[in-house]
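Peer 1: For reference, the file protein.cif (mmCIF, C-alpha atoms and all ligand atoms; chains and numbers go by the auth columns) is included below:
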```cif
data_my_file
loop_
_atom_site.group_PDB
_atom_site.id
_atom_site.type_symbol
_atom_site.label_atom_id
_atom_site.label_comp_id
_atom_site.label_asym_id
_atom_site.label_seq_id
_atom_site.Cartn_x
_atom_site.Cartn_y
_atom_site.Cartn_z
_atom_site.B_iso_or_equiv
_atom_site.auth_seq_id
_atom_site.auth_asym_id
ATOM 1 C CA MET A 1 59.691 62.634 55.292 0.00 24 A
ATOM 2 C CA MET A 2 61.200 63.085 58.751 0.00 25 A
ATOM 3 C CA LEU A 3 60.909 66.068 61.109 0.00 26 A
ATOM 4 C CA THR A 4 63.376 66.385 63.983 0.00 27 A
ATOM 5 C CA ILE A 5 62.518 68.138 67.245 0.00 28 A
ATOM 6 C CA ALA A 6 64.962 69.023 70.019 0.00 29 A
ATOM 7 C CA HIS A 7 63.213 69.217 73.386 0.00 30 A
ATOM 8 C CA LEU A 8 65.551 71.421 75.415 0.00 31 A
ATOM 9 C CA TYR A 9 66.121 70.781 79.132 0.00 32 A
ATOM 10 C CA PRO A 10 62.901 68.840 79.880 0.00 33 A
ATOM 11 C CA LYS A 11 64.275 67.710 83.251 0.00 34 A
ATOM 12 C CA LEU A 12 64.499 71.352 84.369 0.00 35 A
ATOM 13 C CA LEU A 13 61.765 73.088 82.420 0.00 36 A
ATOM 14 C CA ASN A 14 58.706 70.887 82.435 0.00 37 A
ATOM 15 C CA CYS A 15 55.748 73.023 83.457 0.00 38 A
ATOM 16 C CA CYS A 16 53.083 70.566 82.200 0.00 39 A
ATOM 17 C CA ASP A 17 53.944 71.352 78.592 0.00 40 A
ATOM 18 C CA ASN A 18 54.644 67.816 77.351 0.00 41 A
ATOM 19 C CA GLY A 19 51.347 67.665 75.491 0.00 42 A
ATOM 20 C CA ASN A 20 52.792 70.192 73.069 0.00 43 A
ATOM 21 C CA ILE A 21 55.448 67.747 71.897 0.00 44 A
ATOM 22 C CA ILE A 22 52.908 64.934 71.645 0.00 45 A
ATOM 23 C CA THR A 23 50.619 67.161 69.574 0.00 46 A
ATOM 24 C CA LEU A 24 53.404 68.048 67.148 0.00 47 A
ATOM 25 C CA GLN A 25 54.273 64.366 66.847 0.00 48 A
ATOM 26 C CA ARG A 26 50.707 63.120 66.316 0.00 49 A
ATOM 27 C CA ARG A 27 49.722 65.789 63.810 0.00 50 A
ATOM 28 C CA CYS A 28 52.819 64.925 61.780 0.00 51 A
ATOM 29 C CA GLU A 29 52.282 61.193 61.987 0.00 52 A
ATOM 30 C CA TRP A 30 48.645 61.533 60.926 0.00 53 A
ATOM 31 C CA ARG A 31 50.076 63.033 57.693 0.00 54 A
ATOM 32 C CA ASN A 32 52.680 60.261 57.343 0.00 55 A
ATOM 33 C CA ILE A 33 55.533 62.482 58.462 0.00 56 A
ATOM 34 C CA ASP A 34 57.918 60.677 60.806 0.00 57 A
ATOM 35 C CA VAL A 35 59.093 62.545 63.870 0.00 58 A
ATOM 36 C CA GLN A 36 62.280 62.158 65.846 0.00 59 A
ATOM 37 C CA ILE A 37 62.285 63.770 69.287 0.00 60 A
ATOM 38 C CA ASP A 38 65.587 64.247 71.087 0.00 61 A
ATOM 39 C CA GLU A 39 65.577 65.288 74.724 0.00 62 A
ATOM 40 C CA ILE A 40 68.545 67.536 75.456 0.00 63 A
ATOM 41 C CA ASN A 41 69.462 67.894 79.112 0.00 64 A
ATOM 42 C CA ILE A 42 72.334 69.603 80.932 0.00 65 A
ATOM 43 C CA GLY A 43 75.638 68.383 79.493 0.00 66 A
ATOM 44 C CA ASP A 44 74.122 67.078 76.236 0.00 67 A
ATOM 45 C CA LYS A 45 75.286 68.570 72.963 0.00 68 A
ATOM 46 C CA ILE A 46 72.660 70.466 70.966 0.00 69 A
ATOM 47 C CA GLU A 47 72.840 69.406 67.335 0.00 70 A
ATOM 48 C CA LYS A 48 71.000 70.538 64.254 0.00 71 A
ATOM 49 C CA HIS A 49 67.213 70.008 64.363 0.00 72 A
ATOM 50 C CA ASP A 50 64.237 71.284 62.376 0.00 73 A
ATOM 51 C CA MET A 51 62.465 72.504 65.488 0.00 74 A
ATOM 52 C CA TYR A 52 63.476 73.471 69.029 0.00 75 A
ATOM 53 C CA PHE A 53 60.978 73.360 71.880 0.00 76 A
ATOM 54 C CA ILE A 54 61.605 74.781 75.324 0.00 77 A
ATOM 55 C CA SER A 55 59.075 74.765 78.098 0.00 78 A
ATOM 56 C CA GLY A 56 58.344 76.700 81.279 0.00 79 A
ATOM 57 C CA GLY A 57 59.635 76.184 84.796 0.00 80 A
ATOM 58 C CA GLN A 58 60.469 77.782 88.098 0.00 81 A
ATOM 59 C CA ASP A 59 63.063 80.542 88.503 0.00 82 A
ATOM 60 C CA LEU A 60 65.462 78.178 90.292 0.00 83 A
ATOM 61 C CA GLN A 61 65.542 75.707 87.406 0.00 84 A
ATOM 62 C CA GLN A 62 65.644 78.544 84.905 0.00 85 A
ATOM 63 C CA ILE A 63 69.008 79.662 86.319 0.00 86 A
ATOM 64 C CA ASP A 64 70.645 76.366 85.311 0.00 87 A
ATOM 65 C CA ALA A 65 68.958 76.276 81.905 0.00 88 A
ATOM 66 C CA PHE A 66 69.893 79.902 81.119 0.00 89 A
ATOM 67 C CA ASN A 67 73.520 79.244 82.078 0.00 90 A
ATOM 68 C CA GLU A 68 73.787 75.993 80.151 0.00 91 A
ATOM 69 C CA ILE A 69 72.261 77.277 76.929 0.00 92 A
ATOM 70 C CA GLN A 70 74.855 80.069 76.679 0.00 93 A
ATOM 71 C CA ARG A 71 77.260 77.426 75.319 0.00 94 A
ATOM 72 C CA TYR A 72 74.958 77.116 72.293 0.00 95 A
ATOM 73 C CA LYS A 73 74.017 80.747 71.791 0.00 96 A
ATOM 74 C CA ASP A 74 76.044 81.106 68.583 0.00 97 A
ATOM 75 C CA PHE A 75 74.914 77.754 67.230 0.00 98 A
ATOM 76 C CA LEU A 76 71.238 78.481 67.907 0.00 99 A
ATOM 77 C CA THR A 77 71.557 81.964 66.403 0.00 100 A
ATOM 78 C CA LYS A 78 72.813 80.298 63.209 0.00 101 A
ATOM 79 C CA GLU A 79 69.943 77.813 63.399 0.00 102 A
ATOM 80 C CA LYS A 80 67.491 80.696 63.568 0.00 103 A
ATOM 81 C CA GLY A 81 69.286 82.266 60.585 0.00 104 A
ATOM 82 C CA ARG A 82 68.735 79.204 58.432 0.00 105 A
ATOM 83 C CA GLY A 83 65.019 79.142 59.315 0.00 106 A
ATOM 84 C CA ALA A 84 64.780 76.542 62.094 0.00 107 A
ATOM 85 C CA VAL A 85 61.542 76.840 64.092 0.00 108 A
ATOM 86 C CA PHE A 86 61.700 77.651 67.824 0.00 109 A
ATOM 87 C CA LEU A 87 58.845 77.610 70.320 0.00 110 A
ATOM 88 C CA GLY A 88 59.466 78.822 73.868 0.00 111 A
ATOM 89 C CA ILE A 89 56.750 78.710 76.495 0.00 112 A
ATOM 90 C CA CYS A 90 56.793 80.862 79.668 0.00 113 A
ATOM 91 C CA GLY A 91 60.266 80.306 81.182 0.00 114 A
ATOM 92 C CA GLY A 92 61.410 79.017 77.787 0.00 115 A
ATOM 93 C CA TYR A 93 60.048 82.169 76.141 0.00 116 A
ATOM 94 C CA GLN A 94 61.963 84.309 78.645 0.00 117 A
ATOM 95 C CA LEU A 95 65.127 82.374 77.780 0.00 118 A
ATOM 96 C CA LEU A 96 64.752 83.109 74.056 0.00 119 A
ATOM 97 C CA GLY A 97 64.839 86.829 74.897 0.00 120 A
ATOM 98 C CA ASN A 98 67.779 89.044 75.862 0.00 121 A
ATOM 99 C CA TYR A 99 67.554 88.660 79.622 0.00 122 A
ATOM 100 C CA TYR A 100 65.360 87.814 82.593 0.00 123 A
ATOM 101 C CA GLN A 101 65.793 89.940 85.706 0.00 124 A
ATOM 102 C CA ILE A 102 64.856 87.718 88.648 0.00 125 A
ATOM 103 C CA PHE A 103 63.006 89.366 91.549 0.00 126 A
ATOM 104 C CA ASP A 104 65.635 90.482 94.085 0.00 127 A
ATOM 105 C CA GLY A 105 68.139 88.303 92.283 0.00 128 A
ATOM 106 C CA GLU A 106 70.517 88.006 89.383 0.00 129 A
ATOM 107 C CA LYS A 107 70.001 89.052 85.806 0.00 130 A
ATOM 108 C CA LEU A 108 69.970 85.910 83.663 0.00 131 A
ATOM 109 C CA GLU A 109 71.283 86.320 80.153 0.00 132 A
ATOM 110 C CA GLY A 110 69.064 84.785 77.471 0.00 133 A
ATOM 111 C CA ILE A 111 70.118 83.805 73.963 0.00 134 A
ATOM 112 C CA GLY A 112 68.623 86.858 72.257 0.00 135 A
ATOM 113 C CA LEU A 113 66.729 85.103 69.465 0.00 136 A
ATOM 114 C CA LEU A 114 63.847 87.415 70.353 0.00 137 A
ATOM 115 C CA ASP A 115 64.474 91.091 70.998 0.00 138 A
ATOM 116 C CA ALA A 116 62.657 91.046 74.328 0.00 139 A
ATOM 117 C CA TYR A 117 63.495 91.337 78.003 0.00 140 A
ATOM 118 C CA THR A 118 61.690 90.227 81.149 0.00 141 A
ATOM 119 C CA ILE A 119 61.571 91.726 84.621 0.00 142 A
ATOM 120 C CA ALA A 120 60.179 89.678 87.494 0.00 143 A
ATOM 121 C CA SER A 121 57.379 91.440 89.337 0.00 144 A
ATOM 122 C CA ASN A 122 55.769 90.844 92.704 0.00 145 A
ATOM 123 C CA LYS A 123 52.436 89.956 91.140 0.00 146 A
ATOM 124 C CA ARG A 124 51.370 86.898 89.183 0.00 147 A
ATOM 125 C CA PHE A 125 49.196 86.804 86.094 0.00 148 A
ATOM 126 C CA THR A 126 47.054 83.680 85.958 0.00 149 A
ATOM 127 C CA GLY A 127 43.971 82.950 83.915 0.00 150 A
ATOM 128 C CA ASN A 128 42.509 82.275 80.519 0.00 151 A
ATOM 129 C CA VAL A 129 43.877 84.031 77.481 0.00 152 A
ATOM 130 C CA THR A 130 42.548 84.663 73.994 0.00 153 A
ATOM 131 C CA ILE A 131 44.728 86.523 71.541 0.00 154 A
ATOM 132 C CA LYS A 132 44.263 87.671 68.000 0.00 155 A
ATOM 133 C CA THR A 133 47.170 87.044 65.704 0.00 156 A
ATOM 134 C CA GLU A 134 47.757 87.950 62.102 0.00 157 A
ATOM 135 C CA TYR A 135 49.661 84.786 61.219 0.00 158 A
ATOM 136 C CA ILE A 136 46.873 82.268 60.786 0.00 159 A
ATOM 137 C CA THR A 137 43.201 81.715 60.025 0.00 160 A
ATOM 138 C CA PRO A 138 41.076 81.595 62.113 0.00 161 A
ATOM 139 C CA ASN A 139 43.156 84.202 63.857 0.00 162 A
ATOM 140 C CA GLU A 140 42.511 83.455 67.539 0.00 163 A
ATOM 141 C CA LEU A 141 44.815 81.483 69.831 0.00 164 A
ATOM 142 C CA VAL A 142 43.689 80.353 73.269 0.00 165 A
ATOM 143 C CA GLY A 143 45.514 79.294 76.399 0.00 166 A
ATOM 144 C CA PHE A 144 46.187 79.805 80.077 0.00 167 A
ATOM 145 C CA GLU A 145 48.837 82.166 81.441 0.00 168 A
ATOM 146 C CA ASN A 146 50.746 81.803 84.709 0.00 169 A
ATOM 147 C CA HIS A 147 53.735 84.112 85.061 0.00 170 A
ATOM 148 C CA GLY A 148 55.292 86.668 87.350 0.00 171 A
ATOM 149 C CA GLY A 149 57.747 87.948 84.749 0.00 172 A
ATOM 150 C CA LEU A 150 56.754 90.995 82.705 0.00 173 A
ATOM 151 C CA THR A 151 58.072 90.906 79.162 0.00 174 A
ATOM 152 C CA TYR A 152 58.673 93.889 76.878 0.00 175 A
ATOM 153 C CA LEU A 153 59.393 93.669 73.164 0.00 176 A
ATOM 154 C CA SER A 154 61.740 95.867 71.186 0.00 177 A
ATOM 155 C CA GLY A 155 63.313 96.213 67.750 0.00 178 A
ATOM 156 C CA ASP A 156 61.568 94.307 64.993 0.00 179 A
ATOM 157 C CA THR A 157 60.359 91.496 67.246 0.00 180 A
ATOM 158 C CA MET A 158 56.588 91.456 66.902 0.00 181 A
ATOM 159 C CA PRO A 159 54.014 90.142 69.393 0.00 182 A
ATOM 160 C CA LEU A 160 52.575 86.707 68.742 0.00 183 A
ATOM 161 C CA GLY A 161 49.257 88.513 69.014 0.00 184 A
ATOM 162 C CA TYR A 162 47.183 90.961 71.046 0.00 185 A
ATOM 163 C CA ALA A 163 45.322 89.834 74.156 0.00 186 A
ATOM 164 C CA VAL A 164 41.551 90.209 73.984 0.00 187 A
ATOM 165 C CA VAL A 165 41.236 88.177 77.171 0.00 188 A
ATOM 166 C CA GLY A 166 44.076 87.981 79.696 0.00 189 A
ATOM 167 C CA ASN A 167 47.118 90.066 80.556 0.00 190 A
ATOM 168 C CA GLY A 168 49.633 88.973 77.950 0.00 191 A
ATOM 169 C CA ASN A 169 53.277 89.978 78.178 0.00 192 A
ATOM 170 C CA ASN A 170 53.066 92.684 80.803 0.00 193 A
ATOM 171 C CA GLY A 171 49.457 93.698 81.477 0.00 194 A
ATOM 172 C CA GLU A 172 50.081 97.133 79.940 0.00 195 A
ATOM 173 C CA ASP A 173 50.401 97.069 76.181 0.00 196 A
ATOM 174 C CA LYS A 174 48.108 94.095 75.371 0.00 197 A
ATOM 175 C CA THR A 175 50.875 92.287 73.498 0.00 198 A
ATOM 176 C CA GLU A 176 51.128 88.551 74.070 0.00 199 A
ATOM 177 C CA GLY A 177 54.151 86.455 73.197 0.00 200 A
ATOM 178 C CA ALA A 178 56.635 87.271 70.491 0.00 201 A
ATOM 179 C CA ARG A 179 57.734 86.347 67.029 0.00 202 A
ATOM 180 C CA HIS A 180 60.846 87.066 65.010 0.00 203 A
ATOM 181 C CA LYS A 181 61.392 85.060 61.835 0.00 204 A
ATOM 182 C CA ASN A 182 60.537 81.458 62.833 0.00 205 A
ATOM 183 C CA VAL A 183 61.151 82.015 66.543 0.00 206 A
ATOM 184 C CA PHE A 184 57.994 82.092 68.686 0.00 207 A
ATOM 185 C CA GLY A 185 57.411 82.685 72.375 0.00 208 A
ATOM 186 C CA THR A 186 54.240 82.724 74.447 0.00 209 A
ATOM 187 C CA TYR A 187 53.060 82.812 78.037 0.00 210 A
ATOM 188 C CA MET A 188 50.276 80.347 77.243 0.00 211 A
ATOM 189 C CA GLN A 189 51.519 77.385 79.226 0.00 212 A
ATOM 190 C CA GLY A 190 50.330 73.814 79.581 0.00 213 A
ATOM 191 C CA PRO A 191 48.535 72.321 76.596 0.00 214 A
ATOM 192 C CA PHE A 192 48.940 75.271 74.227 0.00 215 A
ATOM 193 C CA LEU A 193 49.348 73.303 70.981 0.00 216 A
ATOM 194 C CA PRO A 194 46.638 70.704 71.774 0.00 217 A
ATOM 195 C CA LYS A 195 44.146 73.583 72.038 0.00 218 A
ATOM 196 C CA ASN A 196 45.425 75.343 68.920 0.00 219 A
ATOM 197 C CA PRO A 197 45.589 72.778 66.108 0.00 220 A
ATOM 198 C CA HIS A 198 45.872 75.448 63.386 0.00 221 A
ATOM 199 C CA PHE A 199 48.947 76.969 65.043 0.00 222 A
ATOM 200 C CA THR A 200 50.521 73.518 65.451 0.00 223 A
ATOM 201 C CA ASP A 201 50.068 72.894 61.738 0.00 224 A
ATOM 202 C CA TYR A 202 51.451 76.342 60.972 0.00 225 A
ATOM 203 C CA LEU A 203 54.697 75.476 62.805 0.00 226 A
ATOM 204 C CA ILE A 204 54.974 72.154 60.957 0.00 227 A
ATOM 205 C CA GLU A 205 54.290 73.875 57.636 0.00 228 A
ATOM 206 C CA LEU A 206 57.119 76.331 58.314 0.00 229 A
ATOM 207 C CA VAL A 207 59.469 73.346 58.535 0.00 230 A
ATOM 208 C CA ILE A 208 58.224 71.328 55.584 0.00 231 A
ATOM 209 C CA GLY A 209 57.516 74.338 53.356 0.00 232 A
ATOM 210 C CA GLU A 210 54.117 73.164 52.182 0.00 233 A
ATOM 211 C CA LYS A 211 50.492 73.170 53.306 0.00 234 A
ATOM 212 C CA LEU A 212 49.339 70.143 55.307 0.00 235 A
ATOM 213 C CA PRO A 213 46.201 68.257 54.247 0.00 236 A
ATOM 214 C CA PRO A 214 43.215 68.633 56.602 0.00 237 A
ATOM 215 C CA ILE A 215 42.509 65.905 59.151 0.00 238 A
ATOM 216 C CA GLN A 216 39.586 64.963 61.364 0.00 239 A
ATOM 217 C CA ASP A 217 40.259 67.052 64.469 0.00 240 A
ATOM 218 C CA ASP A 218 36.841 68.001 65.843 0.00 241 A
ATOM 219 C CA THR A 219 37.921 67.129 69.390 0.00 242 A
ATOM 220 C CA GLU A 220 40.824 69.595 69.260 0.00 243 A
ATOM 221 C CA TRP A 221 38.580 72.303 67.836 0.00 244 A
ATOM 222 C CA ASN A 222 35.996 71.651 70.564 0.00 245 A
ATOM 223 C CA ALA A 223 38.731 72.248 73.148 0.00 246 A
ATOM 224 C CA HIS A 224 39.708 75.448 71.347 0.00 247 A
ATOM 225 C CA ASN A 225 36.140 76.709 70.985 0.00 248 A
ATOM 226 C CA ASP A 226 35.355 75.931 74.601 0.00 249 A
ATOM 227 C CA LEU A 227 37.994 78.415 75.748 0.00 250 A
ATOM 228 C CA ILE A 228 37.734 81.138 73.164 0.00 251 A
ATOM 229 C CA TYR A 229 36.877 84.530 74.718 0.00 252 A
ATOM 230 C CA LYS A 230 36.264 82.777 78.044 0.00 253 A
ATOM 231 C CA GLN A 231 37.209 85.038 80.926 0.00 254 A
ATOM 232 C CA TYR A 232 37.463 82.592 83.847 0.00 255 A
HETATM 233 N N1 LIG B . 59.355 81.816 86.380 0.00 301 B
HETATM 234 C C1 LIG B . 58.776 82.530 85.318 0.00 301 B
HETATM 235 C C2 LIG B . 57.691 83.526 85.707 0.00 301 B
HETATM 236 O O1 LIG B . 56.961 83.326 86.676 0.00 301 B
HETATM 237 C C3 LIG B . 58.249 81.508 84.354 0.00 301 B
HETATM 238 C C4 LIG B . 56.998 80.831 84.814 0.00 301 B
HETATM 239 C C5 LIG B . 56.592 79.692 83.950 0.00 301 B
HETATM 240 O O2 LIG B . 57.399 79.134 83.250 0.00 301 B
HETATM 241 N N2 LIG B . 55.334 79.341 84.028 0.00 301 B
HETATM 242 O O3 LIG B . 57.592 84.538 85.057 0.00 301 B
#
```
So, in terms of structure tokens, how does the structure I just supplied come out?
Ligand code: GLN
Peer 2:
Amino acid sequence: MMLTIAHLYPKLLNCCDNGNIITLQRRCEWRNIDVQIDEINIGDKIEKHDMYFISGGQDLQQIDAFNEIQRYKDFLTKEKGRGAVFLGICGGYQLLGNYYQIFDGEKLEGIGLLDAYTIASNKRFTGNVTIKTEYITPNELVGFENHGGLTYLSGDTMPLGYAVVGNGNNGEDKTEGARHKNVFGTYMQGPFLPKNPHFTDYLIELVIGEKLPPIQDDTEWNAHNDLIYKQY
């Protein structure tokens, strides 16, 4: 079995999120699933993949990524329609939404795979996050947020979960991240998947359509349990 992952614009959006790709790869390989990772940078054609990963970055780099990805908006919308899995983190999450209004700047059009929009604010949310989600068991996800954009969900796009610790999407409604079909976004940046092995497996299972066998992953669960409900 082979799982293909497109890593979109890693030269622009690379906010310490590489461990997420490595985690996807390792957890597949430990189950004898081969993984092919294709880095797609500006000018490269985006072709059909099982999974699309897009990371966070600074506003300046986001401008180029938002502009470039417009060329593939229709293609990626079709990919979503056939069930491909998307994971966007921070700036990548904002790009999966309808638009990102930069502070004192232009309004960047996203690709609208999530019915969400983001407005830059003059504050910054940083710190530990624990959310409760209904998608998996155990139902907590942990991470670290670092964003100035405030994101609001609409339509039938649901939050990834509700923040029990941390600010989440906007600091007002307790929602964190977003999900619509197999498209996921979150503000939990850095090593999000390494600290959430059950969510990593959930994404892989969405692609392969079957439950993965358990593996020895005490170290990953220790990292998860160390952060859960931790305020600072
Ligand atoms: N520039 C965006 C924000 O601050 C995204 C930040 C990030 O990717 N960590 O909201």
Peer 1: Report, in Å to a single decimal, how far apart atom CA of A:Met74 and atom CA of A:Ile125 are.
Peer 2: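 Interatomic distance here is 27.8 Å.
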Peer 1: Give me, as JSON, numbers by chain, the set of residues whose atoms come within 12 Å of any atom of ligand LIG 301 (chain B), counting only C-alpha atoms and all ligand atoms.
Peer 2: {"A": [35, 36, 37, 38, 39, 40, 77, 78, 79, 80, 81, 82, 83, 84, 85, 86, 88, 89, 111, 112, 113, 114, 115, 116, 117, 118, 123, 124, 125, 126, 131, 140, 141, 142, 143, 144, 145, 146, 147, 148, 149, 150, 167, 168, 169, 170, 171, 172, 173, 174, 191, 192, 193, 208, 209, 210, 211, 212, 213]}
Peer 1: Translate the PyMOL selection byres (((chain A and resi 65) around 12) and not hetatm) into a concrete residue list for this structure, as a PDB file with C-alpha atoms, keeping the file's coordinate frame.
Peer 2:
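What ended up in selection_27.pdb:
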```
ATOM      1  CA  HIS A  30      63.213  69.217  73.386  1.00  0.00           C
ATOM      2  CA  LEU A  31      65.551  71.421  75.415  1.00  0.00           C
ATOM      3  CA  TYR A  32      66.121  70.781  79.132  1.00  0.00           C
ATOM      4  CA  PRO A  33      62.901  68.840  79.880  1.00  0.00           C
ATOM      5  CA  LYS A  34      64.275  67.710  83.251  1.00  0.00           C
ATOM      6  CA  LEU A  35      64.499  71.352  84.369  1.00  0.00           C
ATOM      7  CA  LEU A  36      61.765  73.088  82.420  1.00  0.00           C
ATOM      8  CA  GLU A  62      65.577  65.288  74.724  1.00  0.00           C
ATOM      9  CA  ILE A  63      68.545  67.536  75.456  1.00  0.00           C
ATOM     10  CA  ASN A  64      69.462  67.894  79.112  1.00  0.00           C
ATOM     11  CA  GLY A  66      75.638  68.383  79.493  1.00  0.00           C
ATOM     12  CA  ASP A  67      74.122  67.078  76.236  1.00  0.00           C
ATOM     13  CA  LYS A  68      75.286  68.570  72.963  1.00  0.00           C
ATOM     14  CA  ILE A  69      72.660  70.466  70.966  1.00  0.00           C
ATOM     15  CA  GLN A  84      65.542  75.707  87.406  1.00  0.00           C
ATOM     16  CA  GLN A  85      65.644  78.544  84.905  1.00  0.00           C
ATOM     17  CA  ILE A  86      69.008  79.662  86.319  1.00  0.00           C
ATOM     18  CA  ASP A  87      70.645  76.366  85.311  1.00  0.00           C
ATOM     19  CA  ALA A  88      68.958  76.276  81.905  1.00  0.00           C
ATOM     20  CA  PHE A  89      69.893  79.902  81.119  1.00  0.00           C
ATOM     21  CA  ASN A  90      73.520  79.244  82.078  1.00  0.00           C
ATOM     22  CA  GLU A  91      73.787  75.993  80.151  1.00  0.00           C
ATOM     23  CA  ILE A  92      72.261  77.277  76.929  1.00  0.00           C
ATOM     24  CA  GLN A  93      74.855  80.069  76.679  1.00  0.00           C
ATOM     25  CA  ARG A  94      77.260  77.426  75.319  1.00  0.00           C
ATOM     26  CA  TYR A  95      74.958  77.116  72.293  1.00  0.00           C
TER      27      TYR A  95
END
```
Peer 1: I need the residue set behind the PyMOL selection byres (((chain A and resi 102-104) around 9) and not hetatm) for this file; please write it as a list in words.
Peer 2: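 The output of the PyMOL selection byres (((chain A and resi 102-104) around 9) and not hetatm) on this file is Lys71, His72, Asp73, Asp97, Phe98, Leu99, Thr100, Lys101, Arg105, Gly106, Ala107, Val108, Phe109, Leu136, Lys204, Asn205 and Val206 of chain A.
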Peer 1: Scan for residues within 12 Å of the point (52.8, 83.5, 70.1) in the coordinates of the file, using all atoms listed in the file, and reply as JSON, numbers by chain.
Peer 2: {"A": [109, 110, 111, 112, 113, 116, 137, 152, 153, 154, 155, 156, 157, 158, 159, 162, 163, 164, 165, 166, 180, 181, 182, 183, 184, 185, 186, 191, 192, 198, 199, 200, 201, 202, 203, 205, 206, 207, 208, 209, 210, 211, 212, 215, 216, 219, 222, 223, 225, 226]}
Peer 1: Starting from the PyMOL selection byres (((chain A and resi 43-55) around 9) and not hetatm), expand the selection into actual residues of this file and give them as a list of chain:residue names.
Peer 2: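 Evaluating the PyMOL selection byres (((chain A and resi 43-55) around 9) and not hetatm) on these coordinates yields A:Met24, A:Leu26, A:Ile28, A:His30, A:Asp40, A:Asn41, A:Gly42, A:Ile56, A:Asp57, A:Val58, A:Gln59, A:Ile60, A:Phe76, A:Gly213, A:Pro214, A:Phe215, A:Leu216, A:Pro217, A:Pro220, A:Thr223, A:Asp224, A:Leu226, A:Ile227, A:Leu235, A:Pro236, A:Pro237, A:Ile238.
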Peer 1: Around the point (34.7, 83.1, 76.3) (coordinates from the file), which residues reach within 10 Å if we count all atoms listed in the file? Answer as a ChimeraX atom specification.
Peer 2: /A:151-153,165,188,248-255
Peer 1: Measure the distance from atom CA of A:Trp244 to atom CA of A:Val230 in Å and round it to one decimal.
Peer 2: 22.9 Å
Peer 1: Could you check how far atom CA of A:His247 sits from atom CA of A:Glu228, in Å to one decimal?
Peer 2: 20.1 Å
Peer 1: Please determine an axis-aligned box that encloses all atoms of stretch 187-194 of chain A listed in the file, with 4 Å added on each side, and express its centre and edge lengths in Å to one decimal as JSON.
Peer 2:
```
{"center_x": 47.3, "center_y": 90.8, "center_z": 77.7, "size_x": 20.0, "size_y": 13.7, "size_z": 15.5}
```
